[in-house]
file structure36.cif (mmCIF, C-alpha atoms and all ligand atoms)
data_run
#
loop_
_atom_site.group_PDB
_atom_site.id
_atom_site.type_symbol
_atom_site.label_atom_id
_atom_site.label_comp_id
_atom_site.auth_asym_id
_atom_site.auth_seq_id
_atom_site.Cartn_x
_atom_site.Cartn_y
_atom_site.Cartn_z
ATOM 1 C CA MET A 1 -20.447 -15.253 -9.736
ATOM 2 C CA ARG A 2 -16.989 -15.859 -8.349
ATOM 3 C CA PRO A 3 -15.710 -19.446 -8.242
ATOM 4 C CA LEU A 4 -15.469 -21.297 -4.945
ATOM 5 C CA ARG A 5 -12.004 -22.452 -3.881
ATOM 6 C CA LEU A 6 -11.292 -25.452 -1.678
ATOM 7 C CA GLY A 7 -8.516 -25.454 0.904
ATOM 8 C CA ILE A 8 -7.690 -28.767 2.548
ATOM 9 C CA ASN A 9 -6.652 -28.738 6.181
ATOM 10 C CA ILE A 10 -4.137 -31.539 6.786
ATOM 11 C CA ASP A 11 -3.733 -31.126 10.577
ATOM 12 C CA HIS A 12 -5.322 -34.443 11.439
ATOM 13 C CA VAL A 13 -3.007 -36.433 9.222
ATOM 14 C CA ALA A 14 -0.377 -35.190 11.665
ATOM 15 C CA THR A 15 -2.633 -36.122 14.606
ATOM 16 C CA LEU A 16 -2.623 -39.715 13.377
ATOM 17 C CA ARG A 17 1.133 -39.697 12.791
ATOM 18 C CA ASN A 18 1.795 -38.281 16.243
ATOM 19 C CA ALA A 19 -0.279 -41.035 17.873
ATOM 20 C CA ARG A 20 2.702 -43.325 17.191
ATOM 21 C CA GLY A 21 5.441 -40.733 17.133
ATOM 22 C CA GLY A 22 6.959 -41.830 13.806
ATOM 23 C CA ALA A 23 6.867 -40.307 10.330
ATOM 24 C CA HIS A 24 3.758 -42.031 8.951
ATOM 25 C CA PRO A 25 1.319 -40.827 7.714
ATOM 26 C CA ASP A 26 3.139 -37.786 6.383
ATOM 27 C CA PRO A 27 0.979 -34.624 6.108
ATOM 28 C CA LEU A 28 3.059 -33.575 3.092
ATOM 29 C CA ARG A 29 2.018 -36.658 1.190
ATOM 30 C CA ALA A 30 -1.604 -35.823 2.074
ATOM 31 C CA ALA A 31 -1.091 -32.281 0.781
ATOM 32 C CA LYS A 32 0.194 -33.589 -2.557
ATOM 33 C CA ILE A 33 -2.783 -35.943 -2.881
ATOM 34 C CA ALA A 34 -5.171 -33.096 -1.994
ATOM 35 C CA LEU A 35 -3.739 -30.960 -4.790
ATOM 36 C CA THR A 36 -3.992 -33.851 -7.245
ATOM 37 C CA ALA A 37 -7.650 -34.252 -6.204
ATOM 38 C CA GLY A 38 -8.384 -30.645 -7.105
ATOM 39 C CA ALA A 39 -7.761 -28.674 -3.914
ATOM 40 C CA ASP A 40 -6.727 -25.083 -4.587
ATOM 41 C CA GLY A 41 -4.554 -24.775 -1.514
ATOM 42 C CA ILE A 42 -3.424 -26.350 1.737
ATOM 43 C CA THR A 43 -4.204 -25.173 5.240
ATOM 44 C CA ALA A 44 -2.242 -26.132 8.341
ATOM 45 C CA HIS A 45 -2.443 -24.913 11.917
ATOM 46 C CA LEU A 46 0.755 -24.785 13.954
ATOM 47 C CA ARG A 47 -0.591 -24.777 17.483
ATOM 48 C CA GLU A 48 1.333 -23.485 20.461
ATOM 49 C CA ASP A 49 1.343 -27.016 21.966
ATOM 50 C CA ARG A 50 2.312 -28.648 18.592
ATOM 51 C CA ARG A 51 -0.363 -31.292 19.114
ATOM 52 C CA HIS A 52 -0.575 -32.093 15.403
ATOM 53 C CA ILE A 53 1.423 -30.046 12.884
ATOM 54 C CA VAL A 54 5.015 -29.380 14.042
ATOM 55 C CA ASP A 55 7.527 -26.775 12.907
ATOM 56 C CA ASN A 56 9.285 -29.163 10.544
ATOM 57 C CA ASP A 57 5.952 -29.910 8.785
ATOM 58 C CA ILE A 58 5.285 -26.228 8.211
ATOM 59 C CA PHE A 59 8.747 -25.545 6.808
ATOM 60 C CA ARG A 60 8.597 -28.575 4.488
ATOM 61 C CA LEU A 61 5.046 -27.736 3.450
ATOM 62 C CA ALA A 62 5.894 -24.118 2.695
ATOM 63 C CA ALA A 63 8.868 -25.159 0.532
ATOM 64 C CA MET A 64 6.842 -27.778 -1.347
ATOM 65 C CA LEU A 65 3.946 -25.393 -2.043
ATOM 66 C CA VAL A 66 6.213 -22.585 -3.203
ATOM 67 C CA ALA A 67 7.914 -25.019 -5.601
ATOM 68 C CA ARG A 68 4.543 -26.150 -6.969
ATOM 69 C CA GLY A 69 3.009 -22.675 -7.029
ATOM 70 C CA ASN A 70 0.101 -23.540 -4.698
ATOM 71 C CA PRO A 71 -0.936 -21.363 -1.767
ATOM 72 C CA LEU A 72 -0.323 -22.197 1.889
ATOM 73 C CA ASN A 73 -2.868 -20.897 4.356
ATOM 74 C CA PHE A 74 -0.998 -20.806 7.671
ATOM 75 C CA GLU A 75 -3.370 -20.931 10.633
ATOM 76 C CA MET A 76 -1.895 -19.311 13.690
ATOM 77 C CA ALA A 77 -2.652 -17.662 17.000
ATOM 78 C CA ALA A 78 -1.843 -13.973 17.379
ATOM 79 C CA THR A 79 1.338 -14.559 19.390
ATOM 80 C CA ASP A 80 4.890 -13.248 19.002
ATOM 81 C CA GLU A 81 6.203 -16.761 18.407
ATOM 82 C CA MET A 82 3.766 -17.428 15.559
ATOM 83 C CA ARG A 83 4.385 -14.031 14.004
ATOM 84 C CA ARG A 84 8.139 -14.796 13.932
ATOM 85 C CA ILE A 85 7.463 -18.125 12.213
ATOM 86 C CA ALA A 86 5.020 -16.576 9.733
ATOM 87 C CA LEU A 87 7.539 -13.902 8.825
ATOM 88 C CA LYS A 88 10.139 -16.615 8.252
ATOM 89 C CA ILE A 89 8.017 -18.827 5.997
ATOM 90 C CA ARG A 90 6.006 -16.021 4.375
ATOM 91 C CA PRO A 91 2.957 -18.085 3.427
ATOM 92 C CA HIS A 92 0.506 -16.849 0.826
ATOM 93 C CA ALA A 93 -2.074 -16.372 3.589
ATOM 94 C CA ALA A 94 -2.290 -16.429 7.370
ATOM 95 C CA CYS A 95 -5.538 -17.101 9.176
ATOM 96 C CA ILE A 96 -5.528 -15.762 12.713
ATOM 97 C CA VAL A 97 -7.468 -18.017 15.055
ATOM 98 C CA PRO A 98 -8.152 -17.970 18.779
ATOM 99 C CA GLU A 99 -6.325 -20.698 20.649
ATOM 100 C CA ARG A 100 -6.804 -22.185 24.068
ATOM 101 C CA ARG A 101 -4.716 -25.119 25.283
ATOM 102 C CA GLU A 102 -7.647 -26.915 26.874
ATOM 103 C CA GLU A 103 -9.862 -26.871 23.762
ATOM 104 C CA ARG A 104 -10.104 -29.893 21.466
ATOM 105 C CA THR A 105 -10.315 -27.756 18.350
ATOM 106 C CA THR A 106 -10.801 -24.078 17.473
ATOM 107 C CA GLU A 107 -14.089 -23.795 19.296
ATOM 108 C CA GLY A 108 -15.118 -20.213 18.631
ATOM 109 C CA GLY A 109 -14.243 -17.217 16.553
ATOM 110 C CA LEU A 110 -11.682 -14.569 17.333
ATOM 111 C CA ASP A 111 -12.969 -11.650 19.402
ATOM 112 C CA VAL A 112 -11.694 -8.999 17.009
ATOM 113 C CA ALA A 113 -13.981 -6.313 18.432
ATOM 114 C CA GLY A 114 -12.482 -6.834 21.893
ATOM 115 C CA GLN A 115 -8.854 -6.963 20.717
ATOM 116 C CA ARG A 116 -8.676 -4.224 18.110
ATOM 117 C CA GLY A 117 -5.697 -2.567 19.806
ATOM 118 C CA SER A 118 -3.461 -5.642 19.680
ATOM 119 C CA LEU A 119 -4.748 -7.107 16.408
ATOM 120 C CA ALA A 120 -4.308 -3.999 14.250
ATOM 121 C CA PRO A 121 -0.465 -3.923 14.519
ATOM 122 C CA PHE A 122 -0.365 -7.727 14.217
ATOM 123 C CA VAL A 123 -2.322 -7.648 10.949
ATOM 124 C CA ARG A 124 -0.194 -4.736 9.746
ATOM 125 C CA ALA A 125 3.101 -6.586 10.360
ATOM 126 C CA LEU A 126 1.972 -9.643 8.387
ATOM 127 C CA THR A 127 0.456 -7.566 5.605
ATOM 128 C CA LYS A 128 3.683 -5.585 5.281
ATOM 129 C CA ALA A 129 5.481 -8.894 4.660
ATOM 130 C CA GLY A 130 3.134 -9.626 1.757
ATOM 131 C CA ILE A 131 0.976 -12.141 3.659
ATOM 132 C CA ARG A 132 -2.772 -12.036 3.041
ATOM 133 C CA VAL A 133 -4.369 -11.998 6.488
ATOM 134 C CA SER A 134 -7.720 -13.495 7.332
ATOM 135 C CA LEU A 135 -9.463 -13.478 10.695
ATOM 136 C CA PHE A 136 -11.462 -16.504 11.824
ATOM 137 C CA ILE A 137 -14.636 -15.056 13.319
ATOM 138 C CA ALA A 138 -18.197 -15.933 14.227
ATOM 139 C CA PRO A 139 -20.777 -14.852 11.620
ATOM 140 C CA ASP A 140 -21.448 -11.641 13.502
ATOM 141 C CA VAL A 141 -21.712 -8.149 11.994
ATOM 142 C CA ARG A 142 -19.864 -6.544 14.915
ATOM 143 C CA GLN A 143 -16.879 -8.853 14.403
ATOM 144 C CA LEU A 144 -16.949 -8.235 10.639
ATOM 145 C CA ASP A 145 -16.867 -4.474 11.112
ATOM 146 C CA ALA A 146 -14.012 -4.872 13.591
ATOM 147 C CA ALA A 147 -12.102 -7.081 11.107
ATOM 148 C CA LYS A 148 -12.420 -4.328 8.526
ATOM 149 C CA ALA A 149 -11.321 -1.731 11.074
ATOM 150 C CA VAL A 150 -8.104 -3.620 11.966
ATOM 151 C CA GLY A 151 -7.178 -3.813 8.282
ATOM 152 C CA ALA A 152 -7.732 -7.496 7.460
ATOM 153 C CA PRO A 153 -8.652 -8.034 3.792
ATOM 154 C CA VAL A 154 -10.257 -11.425 4.461
ATOM 155 C CA VAL A 155 -12.479 -13.099 7.064
ATOM 156 C CA GLU A 156 -13.221 -16.761 7.538
ATOM 157 C CA LEU A 157 -16.633 -17.409 9.035
ATOM 158 C CA HIS A 158 -16.736 -20.139 11.684
ATOM 159 C CA THR A 159 -19.341 -22.645 10.505
ATOM 160 C CA GLY A 160 -19.126 -24.816 13.636
ATOM 161 C CA ALA A 161 -22.380 -23.596 15.202
ATOM 162 C CA TYR A 162 -24.208 -24.331 11.930
ATOM 163 C CA ALA A 163 -22.560 -27.745 11.504
ATOM 164 C CA GLU A 164 -23.360 -28.804 15.055
ATOM 165 C CA ALA A 165 -26.836 -27.249 15.347
ATOM 166 C CA PRO A 166 -29.738 -29.605 15.990
ATOM 167 C CA ARG A 167 -32.214 -29.780 13.109
ATOM 168 C CA GLY A 168 -34.540 -27.150 14.565
ATOM 169 C CA ALA A 169 -31.783 -24.560 14.917
ATOM 170 C CA ARG A 170 -29.891 -25.211 11.697
ATOM 171 C CA ALA A 171 -31.843 -22.792 9.494
ATOM 172 C CA ARG A 172 -31.227 -19.989 11.967
ATOM 173 C CA GLU A 173 -27.481 -20.695 12.072
ATOM 174 C CA LEU A 174 -27.348 -20.872 8.279
ATOM 175 C CA ASN A 175 -29.162 -17.580 8.047
ATOM 176 C CA ARG A 176 -26.549 -15.958 10.290
ATOM 177 C CA ILE A 177 -23.845 -17.125 7.879
ATOM 178 C CA VAL A 178 -25.781 -15.910 4.819
ATOM 179 C CA ARG A 179 -26.252 -12.451 6.356
ATOM 180 C CA ALA A 180 -22.643 -12.251 7.551
ATOM 181 C CA ALA A 181 -21.304 -13.249 4.103
ATOM 182 C CA ARG A 182 -23.420 -10.544 2.457
ATOM 183 C CA HIS A 183 -22.230 -7.966 4.955
ATOM 184 C CA ALA A 184 -18.607 -9.009 4.407
ATOM 185 C CA GLU A 185 -18.910 -8.382 0.681
ATOM 186 C CA LYS A 186 -20.720 -5.112 1.264
ATOM 187 C CA ILE A 187 -17.895 -3.713 3.398
ATOM 188 C CA GLY A 188 -15.207 -5.006 1.027
ATOM 189 C CA LEU A 189 -13.983 -8.110 2.851
ATOM 190 C CA GLU A 190 -13.246 -11.355 1.032
ATOM 191 C CA CYS A 191 -15.270 -14.059 2.723
ATOM 192 C CA HIS A 192 -14.173 -17.648 3.476
ATOM 193 C CA ALA A 193 -15.840 -20.256 5.673
ATOM 194 C CA GLY A 194 -14.957 -23.440 7.472
ATOM 195 C CA HIS A 195 -15.161 -25.790 10.435
ATOM 196 C CA GLY A 196 -17.188 -28.955 10.788
ATOM 197 C CA LEU A 197 -18.131 -29.164 7.110
ATOM 198 C CA ASP A 198 -18.971 -32.579 5.675
ATOM 199 C CA PHE A 199 -20.754 -34.134 2.682
ATOM 200 C CA ALA A 200 -24.167 -33.514 4.231
ATOM 201 C CA ASN A 201 -23.835 -29.897 5.300
ATOM 202 C CA VAL A 202 -21.449 -28.406 2.737
ATOM 203 C CA CYS A 203 -24.016 -27.714 -0.005
ATOM 204 C CA ALA A 204 -25.894 -24.964 1.842
ATOM 205 C CA ILE A 205 -22.608 -23.170 2.561
ATOM 206 C CA ALA A 206 -21.208 -23.659 -0.952
ATOM 207 C CA ALA A 207 -24.414 -22.155 -2.342
ATOM 208 C CA ILE A 208 -23.802 -18.788 -0.623
ATOM 209 C CA PRO A 209 -22.491 -16.644 -3.493
ATOM 210 C CA ASN A 210 -20.532 -14.215 -1.320
ATOM 211 C CA ILE A 211 -18.292 -16.982 0.036
ATOM 212 C CA VAL A 212 -15.260 -17.672 -2.166
ATOM 213 C CA GLU A 213 -13.295 -20.269 -0.224
ATOM 214 C CA LEU A 214 -14.017 -23.227 2.055
ATOM 215 C CA ASN A 215 -11.431 -24.809 4.330
ATOM 216 C CA ILE A 216 -12.178 -28.398 5.268
ATOM 217 C CA GLY A 217 -10.131 -30.894 7.245
ATOM 218 C CA HIS A 218 -11.305 -33.269 9.938
ATOM 219 C CA PHE A 219 -14.192 -34.885 8.087
ATOM 220 C CA LEU A 220 -12.130 -35.543 4.961
ATOM 221 C CA VAL A 221 -9.209 -37.048 6.867
ATOM 222 C CA GLY A 222 -11.679 -39.324 8.687
ATOM 223 C CA GLU A 223 -13.459 -40.215 5.466
ATOM 224 C CA ALA A 224 -10.109 -41.043 3.876
ATOM 225 C CA VAL A 225 -9.899 -44.088 6.168
ATOM 226 C CA PHE A 226 -12.923 -45.559 4.386
ATOM 227 C CA ALA A 227 -12.850 -44.142 0.871
ATOM 228 C CA GLY A 228 -9.325 -42.811 0.395
ATOM 229 C CA LEU A 229 -8.243 -39.173 0.585
ATOM 230 C CA GLU A 230 -8.243 -38.427 -3.125
ATOM 231 C CA SER A 231 -11.698 -39.830 -3.741
ATOM 232 C CA SER A 232 -13.153 -38.100 -0.642
ATOM 233 C CA ILE A 233 -11.799 -34.725 -1.746
ATOM 234 C CA ARG A 234 -13.041 -35.247 -5.289
ATOM 235 C CA ARG A 235 -16.521 -36.010 -3.939
ATOM 236 C CA MET A 236 -16.462 -32.878 -1.777
ATOM 237 C CA ARG A 237 -15.440 -30.855 -4.825
ATOM 238 C CA VAL A 238 -18.335 -32.235 -6.871
ATOM 239 C CA LEU A 239 -20.839 -31.376 -4.122
ATOM 240 C CA MET A 240 -19.479 -27.839 -3.818
ATOM 241 C CA THR A 241 -19.562 -27.279 -7.568
ATOM 242 C CA LYS A 242 -23.111 -28.598 -7.924
ATOM 243 C CA ALA A 243 -24.376 -26.364 -5.107
ATOM 244 C CA ARG A 244 -22.616 -23.359 -6.603
ATOM 245 C CA ASN A 245 -24.019 -24.047 -10.067
ATOM 246 C CA ARG A 246 -27.549 -24.255 -8.663
ATOM 247 C CA THR A 247 -27.075 -20.787 -7.149
ATOM 248 C CA ARG A 248 -25.703 -19.514 -10.459
ATOM 249 C CA VAL A 249 -28.762 -20.779 -12.352
ATOM 250 C CA ALA A 250 -31.192 -19.420 -9.731
ATOM 251 C CA THR A 251 -29.478 -15.999 -9.738
ATOM 252 C CA GLY A 252 -29.561 -15.888 -13.543
ATOM 253 C CA ARG A 253 -33.287 -16.698 -13.558
ATOM 254 C CA LYS A 254 -34.020 -13.996 -11.002
ATOM 255 C CA ARG A 255 -32.170 -11.417 -13.126
ATOM 256 C CA LYS A 256 -34.061 -12.380 -16.276
ATOM 257 C CA THR A 257 -37.485 -12.101 -14.636
ATOM 258 C CA ARG A 258 -36.790 -8.653 -13.195
HETATM 259 N N1 LIG A 301 -10.870 -23.159 9.214
HETATM 260 C C1 LIG A 301 -10.247 -22.868 10.375
HETATM 261 C C2 LIG A 301 -9.856 -21.454 10.630
HETATM 262 C C3 LIG A 301 -9.962 -23.878 11.311
HETATM 263 O O1 LIG A 301 -9.366 -23.573 12.469
HETATM 264 C C4 LIG A 301 -10.295 -25.208 10.983
HETATM 265 C C5 LIG A 301 -9.934 -26.313 11.924
HETATM 266 O O2 LIG A 301 -10.468 -26.118 13.137
HETATM 267 C C6 LIG A 301 -10.934 -25.458 9.773
HETATM 268 C C7 LIG A 301 -11.211 -24.414 8.904
HETATM 269 C C8 LIG A 301 -11.317 -26.842 9.361
HETATM 270 O O3 LIG A 301 -12.247 -27.384 10.230
HETATM 271 P P1 LIG A 301 -12.559 -28.925 10.146
HETATM 272 O O4 LIG A 301 -11.305 -29.654 10.494
HETATM 273 O O5 LIG A 301 -13.646 -29.112 11.159
HETATM 274 O O6 LIG A 301 -13.016 -29.220 8.756
#

call {"tool": "encode", "arguments": {"input": "structure36.cif", "output": "structure tokens", "more": "lines below"}}
Ligand code: PXP
result
Amino acid sequence: MRPLRLGINIDHVATLRNARGGAHPDPLRAAKIALTAGADGITAHLREDRRHIVDNDIFRLAAMLVARGNPLNFEMAATDEMRRIALKIRPHAACIVPERREERTTEGGLDVAGQRGSLAPFVRALTKAGIRVSLFIAPDVRQLDAAKAVGAPVVELHTGAYAEAPRGARARELNRIVRAARHAEKIGLECHAGHGLDFANVCAIAAIPNIVELNIGHFLVGEAVFAGLESSIRRMRVLMTKARNRTRVATGRKRKTR
């Protein structure tokens, strides 16, 4: 079974900094702590309205991560402006997300099936520059097939509906993610997941063997206020690893009894 990577989204460290307009807390310092705590990479979303991460953060972050040899996952909307910036910083990966000014966060997945014509050349341009492109989509087979068709090697499944589902609907939402992750692997897409994950809901997602990376931000930045960033990330890592190991043992048992 493939290992499960953890990407830490540092956007909301910038949200806190911007509340006062100064330089503290610095998202770069958070990124360094995240890597010390065992994160595999750093994710940051440069929004059109620059509500949290700003251009200077992205350029500093990219330089720091290149120097350390850790990957930057650059979250971006499919706009000309963001493509120009991505081609300048050349991050390891770019995750294309839908963006609306009036939303509080990335509320839904990208409608890849409805935007094939514009997304295909967009994905191609980034790929040509050596950037690994992922598309942030709902756990929906139609969107997965469209992601494959536009040439993206990776998808990130939006786990928001699962994370926010009332108890009675949670199993159904989880099942959608399980089926989507299986389908992704079947059609040759690398599968990531993220949004709204916390200590309580991460285990079920980490246990899905077809998912190889989780990207987590808001909960950990909030939790850092109480327990510190490093310790919160370490705890998340432990939970992910335990869930993954349980799947590994269960899969091994199933194979032996066949
Ligand atoms: N993955 C993507 C593509 C995102 O846009 C976000 C932030 O909305 C996350 C992961 C992390 O979500 P959260 O901050 O809820 O953990």

call {"tool": "closest_residue", "arguments": {"input": "structure36.cif", "among": "A:Gly168, A:Gly160, A:Pro209, A:Gly69", "to": "Gly196 in chain A", "atoms": "only C-alpha atoms"}}
result
A:Gly160

call {"tool": "residues_near_ligand", "arguments": {"input": "structure36.cif", "ligand": "ligand LIG 301 (chain A)", "cutoff": "7 Å", "atoms": "all atoms listed in the file", "output": "list in words"}}
result
Asn9, Glu75, Cys95, Val97, Thr105, Thr106, Phe136, Glu156, Ala193, Gly194, His195, Gly196, Leu197, Asn215, Ile216, Gly217, His218 and Phe219 of chain A

call {"tool": "closest_residue", "arguments": {"input": "structure36.cif", "among": "A:Val112, A:Ala23, A:Ala31, A:Ile89", "to": "Asp55 in chain A", "atoms": "all atoms listed in the file"}}
result
A:Ile89

call {"tool": "resolve_selection", "arguments": {"input": "structure36.cif", "expression": "the PyMOL selection byres (((chain A and resi 108) around 8) and not hetatm)", "output": "list in words"}}
result
Pro98, Thr106, Glu107, Gly109, Leu110, Ile137, Ala138, His158 and Gly160 of chain A

call {"tool": "atom_distance", "arguments": {"input": "structure36.cif", "atom1": "CA of Phe59 in chain A", "atom2": "CA of Glu102 in chain A"}}
result
25.9 Å

call {"tool": "atom_distance", "arguments": {"input": "structure36.cif", "atom1": "CA of Ala152 in chain A", "atom2": "CA of Ile208 in chain A"}}
result
21.2 Å
